[in-house]
file entry17.csv (CSV, N, CA and C atoms)
chain,number,residue,atom,x,y,z
A,1,ARG,N,0.8,-1.2,0.0
A,1,ARG,CA,0.0,0.0,0.0
A,1,ARG,C,0.9,1.3,0.0
A,2,GLY,N,2.0,1.2,0.6
A,2,GLY,CA,2.9,2.4,0.7
A,2,GLY,C,3.4,2.8,-0.6
A,3,ALA,N,3.5,1.8,-1.5
A,3,ALA,CA,4.0,2.2,-2.9
A,3,ALA,C,3.0,2.9,-3.7
A,4,ALA,N,1.7,2.7,-3.3
A,4,ALA,CA,0.6,3.3,-4.1
A,4,ALA,C,0.3,4.7,-3.7
A,5,ARG,N,1.0,5.2,-2.7
A,5,ARG,CA,0.8,6.6,-2.3
A,5,ARG,C,1.2,7.6,-3.4
A,6,ALA,N,0.5,8.7,-3.5
A,6,ALA,CA,0.8,9.7,-4.5
A,6,ALA,C,2.1,10.4,-4.1
A,7,LEU,N,2.9,10.7,-5.1
A,7,LEU,CA,4.2,11.4,-4.9
A,7,LEU,C,3.9,12.9,-4.7
A,8,PRO,N,4.6,13.6,-4.0
A,8,PRO,CA,4.4,15.1,-3.9
A,8,PRO,C,4.6,15.7,-5.3
A,9,GLN,N,3.7,16.7,-5.5
A,9,GLN,CA,3.8,17.4,-6.8
A,9,GLN,C,4.4,18.8,-6.6
A,10,LYS,N,5.2,19.2,-7.7
A,10,LYS,CA,5.8,20.5,-7.7
A,10,LYS,C,5.0,21.3,-8.7
A,11,THR,N,3.9,21.8,-8.4
A,11,THR,CA,3.0,22.5,-9.4
A,11,THR,C,3.5,23.9,-9.5
A,12,THR,N,3.9,24.3,-10.8
A,12,THR,CA,4.4,25.6,-11.1
A,12,THR,C,3.8,26.0,-12.5
A,13,SER,N,4.0,27.2,-12.8
A,13,SER,CA,3.6,27.7,-14.2
A,13,SER,C,4.7,27.3,-15.1
A,14,LEU,N,4.3,26.7,-16.2
A,14,LEU,CA,5.3,26.1,-17.2
A,14,LEU,C,5.0,26.6,-18.6
A,15,ASP,N,6.1,26.6,-19.4
A,15,ASP,CA,6.0,26.9,-20.8
A,15,ASP,C,5.8,25.6,-21.5
A,16,PRO,N,4.6,25.3,-22.2
A,16,PRO,CA,4.4,24.1,-22.9
A,16,PRO,C,5.5,23.8,-24.0
A,17,ASN,N,5.9,24.9,-24.6
A,17,ASN,CA,7.0,24.7,-25.7
A,17,ASN,C,8.2,24.1,-25.1
A,18,ALA,N,8.6,24.6,-23.9
A,18,ALA,CA,9.8,24.1,-23.2
A,18,ALA,C,9.7,22.6,-22.8
A,19,LEU,N,8.5,22.3,-22.4
A,19,LEU,CA,8.2,20.9,-22.0
A,19,LEU,C,8.4,20.0,-23.2
A,20,ILE,N,7.9,20.4,-24.4
A,20,ILE,CA,8.0,19.6,-25.6
A,20,ILE,C,9.4,19.5,-26.1
A,21,ARG,N,10.1,20.7,-26.0
A,21,ARG,CA,11.5,20.7,-26.5
A,21,ARG,C,12.4,19.8,-25.6
A,22,ALA,N,12.0,19.7,-24.3
A,22,ALA,CA,12.8,18.8,-23.4
A,22,ALA,C,12.7,17.3,-23.8
A,23,VAL,N,11.5,16.9,-24.3
A,23,VAL,CA,11.3,15.5,-24.6
A,23,VAL,C,11.4,15.2,-26.1
A,24,GLN,N,11.6,16.3,-26.9
A,24,GLN,CA,11.6,16.1,-28.3
A,24,GLN,C,12.7,15.1,-28.8
A,25,PRO,N,13.9,15.1,-28.3
A,25,PRO,CA,14.9,14.1,-28.8
A,25,PRO,C,14.4,12.7,-28.5
A,26,LEU,N,13.8,12.4,-27.4
A,26,LEU,CA,13.2,11.1,-27.1
A,26,LEU,C,12.1,10.8,-28.1
A,27,LEU,N,11.2,11.7,-28.4
A,27,LEU,CA,10.1,11.5,-29.3
A,27,LEU,C,10.6,11.2,-30.7
A,28,GLU,N,11.7,12.0,-31.1
A,28,GLU,CA,12.2,11.7,-32.4
A,28,GLU,C,12.8,10.3,-32.5
A,29,SER,N,13.5,9.9,-31.4
A,29,SER,CA,14.0,8.5,-31.4
A,29,SER,C,13.0,7.5,-31.5
A,30,LEU,N,11.9,7.7,-30.8
A,30,LEU,CA,10.8,6.7,-30.8
A,30,LEU,C,10.1,6.7,-32.2
A,31,SER,N,10.0,7.8,-32.8
A,31,SER,CA,9.3,7.9,-34.1
A,31,SER,C,10.2,7.3,-35.2
A,32,ALA,N,11.5,7.5,-35.1
A,32,ALA,CA,12.5,6.9,-36.0
A,32,ALA,C,12.5,5.4,-36.0
A,33,GLN,N,12.3,4.8,-34.8
A,33,GLN,CA,12.2,3.4,-34.6
A,33,GLN,C,11.0,2.8,-35.3
A,34,GLN,N,10.0,3.6,-35.5
A,34,GLN,CA,8.7,3.1,-36.1
A,34,GLN,C,8.6,3.6,-37.6
A,35,ASN,N,9.7,4.2,-38.1
A,35,ASN,CA,9.7,4.8,-39.4
A,35,ASN,C,8.6,5.8,-39.6
A,36,VAL,N,8.4,6.7,-38.6
A,36,VAL,CA,7.4,7.7,-38.6
A,36,VAL,C,8.2,9.1,-38.6
A,37,ARG,N,7.8,10.0,-39.4
A,37,ARG,CA,8.4,11.3,-39.4
A,37,ARG,C,7.7,12.2,-38.4
A,38,LEU,N,8.4,12.8,-37.5
A,38,LEU,CA,7.8,13.7,-36.5
A,38,LEU,C,8.0,15.1,-37.0
A,39,VAL,N,6.9,15.8,-37.0
A,39,VAL,CA,6.9,17.2,-37.3
A,39,VAL,C,6.3,18.0,-36.1
A,40,VAL,N,7.1,18.9,-35.5
A,40,VAL,CA,6.7,19.6,-34.3
A,40,VAL,C,6.5,21.1,-34.7
A,41,GLU,N,5.3,21.5,-34.4
A,41,GLU,CA,4.9,22.9,-34.7
A,41,GLU,C,4.5,23.6,-33.3
A,42,LEU,N,5.4,24.4,-32.8
A,42,LEU,CA,5.2,25.0,-31.5
A,42,LEU,C,4.5,26.4,-31.7
A,43,ARG,N,3.6,26.7,-30.9
A,43,ARG,CA,2.9,28.0,-30.9
A,43,ARG,C,3.6,29.0,-30.0
A,44,THR,N,4.0,30.1,-30.6
A,44,THR,CA,4.7,31.1,-29.8
A,44,THR,C,4.0,32.4,-29.9
A,45,PRO,N,3.7,33.1,-28.8
A,45,PRO,CA,3.9,32.5,-27.4
A,45,PRO,C,2.8,31.6,-27.1
A,46,ALA,N,3.2,30.6,-26.3
A,46,ALA,CA,2.2,29.6,-25.9
A,46,ALA,C,1.7,30.0,-24.5
A,47,PRO,N,0.4,29.8,-24.2
A,47,PRO,CA,-0.1,30.1,-22.9
A,47,PRO,C,0.5,29.2,-21.9
A,48,PRO,N,0.9,29.7,-20.7
A,48,PRO,CA,1.5,28.8,-19.7
A,48,PRO,C,0.5,27.8,-19.2
A,49,VAL,N,1.0,26.7,-18.7
A,49,VAL,CA,0.2,25.7,-18.1
A,49,VAL,C,0.7,25.5,-16.6
A,50,MET,N,-0.2,25.0,-15.8
A,50,MET,CA,0.2,24.7,-14.4
A,50,MET,C,0.3,23.2,-14.3
A,51,GLY,N,1.4,22.8,-13.6
A,51,GLY,CA,1.6,21.4,-13.4
A,51,GLY,C,3.0,21.1,-12.9
A,52,ASP,N,3.3,19.8,-12.9
A,52,ASP,CA,4.6,19.3,-12.5
A,52,ASP,C,5.4,19.0,-13.8
A,53,ALA,N,6.5,19.6,-14.0
A,53,ALA,CA,7.2,19.4,-15.3
A,53,ALA,C,7.6,18.0,-15.6
A,54,ASP,N,8.1,17.3,-14.5
A,54,ASP,CA,8.5,15.9,-14.7
A,54,ASP,C,7.3,15.0,-15.1
A,55,ARG,N,6.2,15.2,-14.4
A,55,ARG,CA,5.0,14.4,-14.7
A,55,ARG,C,4.4,14.7,-16.1
A,56,LEU,N,4.4,16.0,-16.5
A,56,LEU,CA,3.9,16.3,-17.8
A,56,LEU,C,4.8,15.8,-18.9
A,57,GLN,N,6.1,15.9,-18.7
A,57,GLN,CA,7.0,15.3,-19.7
A,57,GLN,C,6.8,13.8,-19.9
A,58,ALA,N,6.6,13.1,-18.7
A,58,ALA,CA,6.4,11.7,-18.8
A,58,ALA,C,5.1,11.4,-19.5
A,59,LEU,N,4.1,12.2,-19.2
A,59,LEU,CA,2.8,12.0,-19.9
A,59,LEU,C,2.9,12.2,-21.4
A,60,LEU,N,3.6,13.2,-21.8
A,60,LEU,CA,3.8,13.5,-23.3
A,60,LEU,C,4.5,12.3,-23.9
A,61,VAL,N,5.5,11.7,-23.3
A,61,VAL,CA,6.2,10.5,-23.9
A,61,VAL,C,5.2,9.3,-23.9
A,62,LEU,N,4.4,9.1,-22.8
A,62,LEU,CA,3.5,8.0,-22.8
A,62,LEU,C,2.4,8.2,-23.9
A,63,LEU,N,1.9,9.4,-24.0
A,63,LEU,CA,0.8,9.6,-25.0
A,63,LEU,C,1.4,9.4,-26.5
A,64,PHE,N,2.6,9.9,-26.7
A,64,PHE,CA,3.2,9.8,-28.0
A,64,PHE,C,3.5,8.3,-28.3
A,65,GLY,N,4.0,7.6,-27.3
A,65,GLY,CA,4.3,6.2,-27.5
A,65,GLY,C,3.0,5.4,-27.8
A,66,SER,N,1.9,5.8,-27.2
A,66,SER,CA,0.6,5.1,-27.4
A,66,SER,C,0.1,5.5,-28.8
A,67,ALA,N,0.3,6.7,-29.3
A,67,ALA,CA,-0.1,7.1,-30.6
A,67,ALA,C,0.7,6.3,-31.6
A,68,LEU,N,2.0,6.2,-31.4
A,68,LEU,CA,2.9,5.4,-32.3
A,68,LEU,C,2.4,3.9,-32.4
A,69,ASP,N,2.0,3.4,-31.3
A,69,ASP,CA,1.6,2.0,-31.3
A,69,ASP,C,0.3,1.8,-32.2
A,70,THR,N,-0.5,2.8,-32.3
A,70,THR,CA,-1.8,2.7,-33.0
A,70,THR,C,-1.5,3.0,-34.5
A,71,VAL,N,-0.4,3.6,-34.9
A,71,VAL,CA,-0.1,3.9,-36.3
A,71,VAL,C,0.3,2.7,-37.0

call {"tool": "encode", "arguments": {"input": "entry17.csv", "output": "structure tokens"}}
result
Amino acid sequence: RGAARALPQKTTSLDPNALIRAVQPLLESLSAQQNVRLVVELRTPAPPVMGDADRLQALLVLLFGSALDTV
């Protein structure tokens, strides 16, 4: 039960473009393995989002990986 406890969150105002840029090399690697071309179009300026940077980056990678699996 102790392992199922929620980890503390560091909720701050974040730039979504910076979150994507941070994981972009990993996303490009995943897409290359599947022979998929990744095109990233960032909106500037992007409205800030509130959240935990580490969790949001992990979520981006998870969602992208799931999308690749369905292609």

call {"tool": "atom_distance", "arguments": {"input": "entry17.csv", "atom1": "atom N of Leu14 of chain A", "atom2": "atom CA of Asp69 of chain A"}}
result
29.1 Å

call {"tool": "select_by_dssp", "arguments": {"input": "entry17.csv", "residues": "chain A", "states": "strand (DSSP E)", "output": "list of chain:residue names"}}
result
A:Thr12, A:Ser13, A:Leu14, A:Val49, A:Met50, A:Gly51

call {"tool": "select_by_dssp", "arguments": {"input": "entry17.csv", "residues": "chain A", "states": "alpha helix (DSSP H)", "output": "ChimeraX atom specification"}}
result
/A:16-33,53-70

call {"tool": "closest_residue", "arguments": {"input": "entry17.csv", "among": "A:Met50, A:Val40, A:Val71, A:Leu60", "to": "Lys10 of chain A", "atoms": "only C-alpha atoms"}}
result
A:Met50

call {"tool": "residues_near_point", "arguments": {"input": "entry17.csv", "point": "(6.8, 16.6, -24.2)", "cutoff": "10 Å", "atoms": "only C-alpha atoms", "output": "NGL selection string"}}
result
:A and (16-27 or 53-64)

call {"tool": "atom_distance", "arguments": {"input": "entry17.csv", "atom1": "atom CA of Ala67 of chain A", "atom2": "atom N of Glu28 of chain A"}}
result
12.8 Å

call {"tool": "atom_distance", "arguments": {"input": "entry17.csv", "atom1": "atom CA of Gly65 of chain A", "atom2": "atom C of Ser29 of chain A"}}
result
9.7 Å

call {"tool": "closest_residue", "arguments": {"input": "entry17.csv", "among": "A:Ala32, A:Gln9, A:Arg37, A:Leu68", "to": "Asp52 of chain A", "atoms": "all atoms listed in the file"}}
result
A:Gln9

call {"tool": "decode", "arguments": {"input": "entry17.csv", "residues": "chain A", "atoms": "C-alpha atoms", "output": "PDB file, in the first residue's frame"}}
result
ATOM      1  CA  ARG A   1       0.000   0.000   0.000  1.00  0.00           C
ATOM      2  CA  GLY A   2       2.855   2.365   0.715  1.00  0.00           C
ATOM      3  CA  ALA A   3       4.039   2.177  -2.888  1.00  0.00           C
ATOM      4  CA  ALA A   4       0.610   3.284  -4.106  1.00  0.00           C
ATOM      5  CA  ARG A   5       0.773   6.622  -2.321  1.00  0.00           C
ATOM      6  CA  ALA A   6       0.823   9.699  -4.513  1.00  0.00           C
ATOM      7  CA  LEU A   7       4.182  11.395  -4.854  1.00  0.00           C
ATOM      8  CA  PRO A   8       4.378  15.061  -3.892  1.00  0.00           C
ATOM      9  CA  GLN A   9       3.820  17.391  -6.811  1.00  0.00           C
ATOM     10  CA  LYS A  10       5.777  20.521  -7.676  1.00  0.00           C
ATOM     11  CA  THR A  11       3.036  22.517  -9.380  1.00  0.00           C
ATOM     12  CA  THR A  12       4.375  25.606 -11.119  1.00  0.00           C
ATOM     13  CA  SER A  13       3.612  27.727 -14.155  1.00  0.00           C
ATOM     14  CA  LEU A  14       5.286  26.116 -17.175  1.00  0.00           C
ATOM     15  CA  ASP A  15       5.961  26.913 -20.808  1.00  0.00           C
ATOM     16  CA  PRO A  16       4.425  24.066 -22.860  1.00  0.00           C
ATOM     17  CA  ASN A  17       6.956  24.665 -25.658  1.00  0.00           C
ATOM     18  CA  ALA A  18       9.823  24.095 -23.221  1.00  0.00           C
ATOM     19  CA  LEU A  19       8.197  20.867 -22.022  1.00  0.00           C
ATOM     20  CA  ILE A  20       7.985  19.594 -25.592  1.00  0.00           C
ATOM     21  CA  ARG A  21      11.526  20.696 -26.459  1.00  0.00           C
ATOM     22  CA  ALA A  22      12.828  18.815 -23.424  1.00  0.00           C
ATOM     23  CA  VAL A  23      11.346  15.486 -24.591  1.00  0.00           C
ATOM     24  CA  GLN A  24      11.650  16.099 -28.333  1.00  0.00           C
ATOM     25  CA  PRO A  25      14.902  14.089 -28.753  1.00  0.00           C
ATOM     26  CA  LEU A  26      13.233  11.080 -27.144  1.00  0.00           C
ATOM     27  CA  LEU A  27      10.100  11.517 -29.283  1.00  0.00           C
ATOM     28  CA  GLU A  28      12.238  11.741 -32.415  1.00  0.00           C
ATOM     29  CA  SER A  29      14.047   8.544 -31.435  1.00  0.00           C
ATOM     30  CA  LEU A  30      10.773   6.708 -30.823  1.00  0.00           C
ATOM     31  CA  SER A  31       9.330   7.888 -34.126  1.00  0.00           C
ATOM     32  CA  ALA A  32      12.483   6.893 -36.038  1.00  0.00           C
ATOM     33  CA  GLN A  33      12.221   3.363 -34.633  1.00  0.00           C
ATOM     34  CA  GLN A  34       8.726   3.130 -36.128  1.00  0.00           C
ATOM     35  CA  ASN A  35       9.724   4.800 -39.431  1.00  0.00           C
ATOM     36  CA  VAL A  36       7.432   7.733 -38.648  1.00  0.00           C
ATOM     37  CA  ARG A  37       8.390  11.316 -39.441  1.00  0.00           C
ATOM     38  CA  LEU A  38       7.842  13.653 -36.512  1.00  0.00           C
ATOM     39  CA  VAL A  39       6.854  17.238 -37.283  1.00  0.00           C
ATOM     40  CA  VAL A  40       6.699  19.605 -34.314  1.00  0.00           C
ATOM     41  CA  GLU A  41       4.939  22.948 -34.679  1.00  0.00           C
ATOM     42  CA  LEU A  42       5.152  25.043 -31.540  1.00  0.00           C
ATOM     43  CA  ARG A  43       2.896  28.009 -30.907  1.00  0.00           C
ATOM     44  CA  THR A  44       4.731  31.127 -29.832  1.00  0.00           C
ATOM     45  CA  PRO A  45       3.918  32.549 -27.422  1.00  0.00           C
ATOM     46  CA  ALA A  46       2.194  29.568 -25.862  1.00  0.00           C
ATOM     47  CA  PRO A  47      -0.088  30.137 -22.903  1.00  0.00           C
ATOM     48  CA  PRO A  48       1.471  28.827 -19.694  1.00  0.00           C
ATOM     49  CA  VAL A  49       0.153  25.669 -18.051  1.00  0.00           C
ATOM     50  CA  MET A  50       0.153  24.744 -14.383  1.00  0.00           C
ATOM     51  CA  GLY A  51       1.639  21.417 -13.412  1.00  0.00           C
ATOM     52  CA  ASP A  52       4.635  19.314 -12.485  1.00  0.00           C
ATOM     53  CA  ALA A  53       7.219  19.432 -15.294  1.00  0.00           C
ATOM     54  CA  ASP A  54       8.495  15.877 -14.738  1.00  0.00           C
ATOM     55  CA  ARG A  55       5.009  14.378 -14.726  1.00  0.00           C
ATOM     56  CA  LEU A  56       3.874  16.343 -17.761  1.00  0.00           C
ATOM     57  CA  GLN A  57       6.965  15.332 -19.723  1.00  0.00           C
ATOM     58  CA  ALA A  58       6.394  11.683 -18.780  1.00  0.00           C
ATOM     59  CA  LEU A  59       2.764  12.025 -19.882  1.00  0.00           C
ATOM     60  CA  LEU A  60       3.832  13.487 -23.252  1.00  0.00           C
ATOM     61  CA  VAL A  61       6.161  10.542 -23.861  1.00  0.00           C
ATOM     62  CA  LEU A  62       3.486   8.040 -22.797  1.00  0.00           C
ATOM     63  CA  LEU A  63       0.825   9.596 -25.048  1.00  0.00           C
ATOM     64  CA  PHE A  64       3.218   9.803 -27.988  1.00  0.00           C
ATOM     65  CA  GLY A  65       4.276   6.182 -27.517  1.00  0.00           C
ATOM     66  CA  SER A  66       0.620   5.111 -27.440  1.00  0.00           C
ATOM     67  CA  ALA A  67      -0.078   7.089 -30.595  1.00  0.00           C
ATOM     68  CA  LEU A  68       2.869   5.409 -32.340  1.00  0.00           C
ATOM     69  CA  ASP A  69       1.563   1.991 -31.325  1.00  0.00           C
ATOM     70  CA  THR A  70      -1.750   2.712 -33.047  1.00  0.00           C
ATOM     71  CA  VAL A  71      -0.150   3.900 -36.299  1.00  0.00           C
TER      72      VAL A  71
END
